[in-house]
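Below is one structure, written out as structure tokens; comments come after it.
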Amino acid sequence: MAEPPPGLDARITYRENRIEAECETLERHRKVGRVNDFTVYCDESARVGGDNTAPSPLSYFTLAVGF
């Protein structure tokens with residue numbers, strides 16, 4: 001277990017979580033992201049210059065809030 005950062009009570013259990021992800025633009029607004037063993041795609045609607053092939057980044061954010 002990691003040591004607590006300065007100023008935190010040492011009696012409280014402290015855990016550190018680290019998530020690494022990578023993102024890459026494929027074409028136009030279409031992107032691919034990889035985190036852990038998962039691959040996800042995002043795109044924008046045609047109305048804003050995308051091809052509407054996947055959910056938009058804001059759609060993923062909205063889902064994350066719901067989870």
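Ordering of the structure tokens sets the chain letters (A, B, ...), residue numbers begin anew at 1 in every chain, and ligands are numbered from 1 in the order given.
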Give me the residues near segment 11-28 of chain A as JSON, numbers by chain, where near means some atom within 12 Å (using only C-alpha atoms) and where sequence neighbours in that chain fewer than 5 positions away do not count. {"A": [1, 2, 3, 4, 5, 6, 33, 34, 35, 36, 37, 38, 39, 40, 41, 42, 43, 44, 45, 46, 48, 49, 50, 51, 52, 53, 57]}
Point-to-point distance from atom CA of Ala64 of chain A to atom CA of Lys31 of chain A, Å rounded to tenths: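 The value is 17.9 Å.
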Give me, as a PDB file with N, CA and C atoms, in the first residue's frame, the residues of chain A that a backbone DSSP run labels strand (DSSP E).
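Writing the result to out00.pdb gives the following:
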ATOM      1  N   ALA A  21      -4.175   5.524 -20.438  1.00  0.00           N
ATOM      2  CA  ALA A  21      -4.950   5.381 -21.663  1.00  0.00           C
ATOM      3  C   ALA A  21      -4.211   6.078 -22.798  1.00  0.00           C
ATOM      4  N   GLU A  22      -4.491   5.655 -23.996  1.00  0.00           N
ATOM      5  CA  GLU A  22      -3.919   6.343 -25.162  1.00  0.00           C
ATOM      6  C   GLU A  22      -5.034   6.608 -26.163  1.00  0.00           C
ATOM      7  N   CYS A  23      -4.931   7.734 -26.839  1.00  0.00           N
ATOM      8  CA  CYS A  23      -5.924   8.143 -27.833  1.00  0.00           C
ATOM      9  C   CYS A  23      -5.208   8.524 -29.118  1.00  0.00           C
ATOM     10  N   GLU A  24      -5.871   8.274 -30.226  1.00  0.00           N
ATOM     11  CA  GLU A  24      -5.271   8.542 -31.534  1.00  0.00           C
ATOM     12  C   GLU A  24      -6.355   8.990 -32.509  1.00  0.00           C
ATOM     13  N   THR A  25      -6.064  10.017 -33.286  1.00  0.00           N
ATOM     14  CA  THR A  25      -6.992  10.463 -34.328  1.00  0.00           C
ATOM     15  C   THR A  25      -6.808   9.570 -35.544  1.00  0.00           C
ATOM     16  N   LEU A  26      -7.921   9.049 -36.061  1.00  0.00           N
ATOM     17  CA  LEU A  26      -7.871   8.187 -37.237  1.00  0.00           C
ATOM     18  C   LEU A  26      -8.081   8.998 -38.511  1.00  0.00           C
ATOM     19  N   GLU A  27      -9.202   9.674 -38.616  1.00  0.00           N
ATOM     20  CA  GLU A  27      -9.468  10.580 -39.733  1.00  0.00           C
ATOM     21  C   GLU A  27     -10.571  11.534 -39.303  1.00  0.00           C
ATOM     22  N   ARG A  30     -12.950  11.187 -36.199  1.00  0.00           N
ATOM     23  CA  ARG A  30     -12.970   9.813 -35.663  1.00  0.00           C
ATOM     24  C   ARG A  30     -11.678   9.551 -34.892  1.00  0.00           C
ATOM     25  N   LYS A  31     -11.839   9.004 -33.681  1.00  0.00           N
ATOM     26  CA  LYS A  31     -10.698   8.708 -32.827  1.00  0.00           C
ATOM     27  C   LYS A  31     -10.840   7.312 -32.246  1.00  0.00           C
ATOM     28  N   VAL A  32      -9.712   6.745 -31.827  1.00  0.00           N
ATOM     29  CA  VAL A  32      -9.702   5.462 -31.141  1.00  0.00           C
ATOM     30  C   VAL A  32      -8.997   5.669 -29.806  1.00  0.00           C
ATOM     31  N   GLY A  33      -9.518   5.016 -28.786  1.00  0.00           N
ATOM     32  CA  GLY A  33      -8.904   5.082 -27.470  1.00  0.00           C
ATOM     33  C   GLY A  33      -8.722   3.678 -26.927  1.00  0.00           C
ATOM     34  N   ARG A  34      -7.633   3.487 -26.195  1.00  0.00           N
ATOM     35  CA  ARG A  34      -7.363   2.190 -25.582  1.00  0.00           C
ATOM     36  C   ARG A  34      -7.079   2.389 -24.102  1.00  0.00           C
ATOM     37  N   VAL A  35      -7.761   1.588 -23.292  1.00  0.00           N
ATOM     38  CA  VAL A  35      -7.540   1.616 -21.849  1.00  0.00           C
ATOM     39  C   VAL A  35      -7.684   0.185 -21.345  1.00  0.00           C
ATOM     40  N   PHE A  38      -9.373  -2.724 -23.364  1.00  0.00           N
ATOM     41  CA  PHE A  38     -10.537  -2.284 -24.117  1.00  0.00           C
ATOM     42  C   PHE A  38     -10.145  -1.258 -25.176  1.00  0.00           C
ATOM     43  N   THR A  39     -10.846  -1.299 -26.300  1.00  0.00           N
ATOM     44  CA  THR A  39     -10.678  -0.322 -27.371  1.00  0.00           C
ATOM     45  C   THR A  39     -12.035   0.297 -27.640  1.00  0.00           C
ATOM     46  N   VAL A  40     -12.090   1.625 -27.660  1.00  0.00           N
ATOM     47  CA  VAL A  40     -13.338   2.333 -27.949  1.00  0.00           C
ATOM     48  C   VAL A  40     -13.092   3.358 -29.050  1.00  0.00           C
ATOM     49  N   TYR A  41     -14.152   3.665 -29.762  1.00  0.00           N
ATOM     50  CA  TYR A  41     -14.088   4.639 -30.849  1.00  0.00           C
ATOM     51  C   TYR A  41     -15.060   5.772 -30.560  1.00  0.00           C
ATOM     52  N   CYS A  42     -14.744   6.959 -31.048  1.00  0.00           N
ATOM     53  CA  CYS A  42     -15.684   8.069 -30.973  1.00  0.00           C
ATOM     54  C   CYS A  42     -15.633   8.834 -32.288  1.00  0.00           C
TER      55      CYS A  42
END
Based on the backbone DSSP call, show me all residues of chain A assigned helix (DSSP H, G or I), as a PyMOL selection string. chain A and resi 46-48+57-66
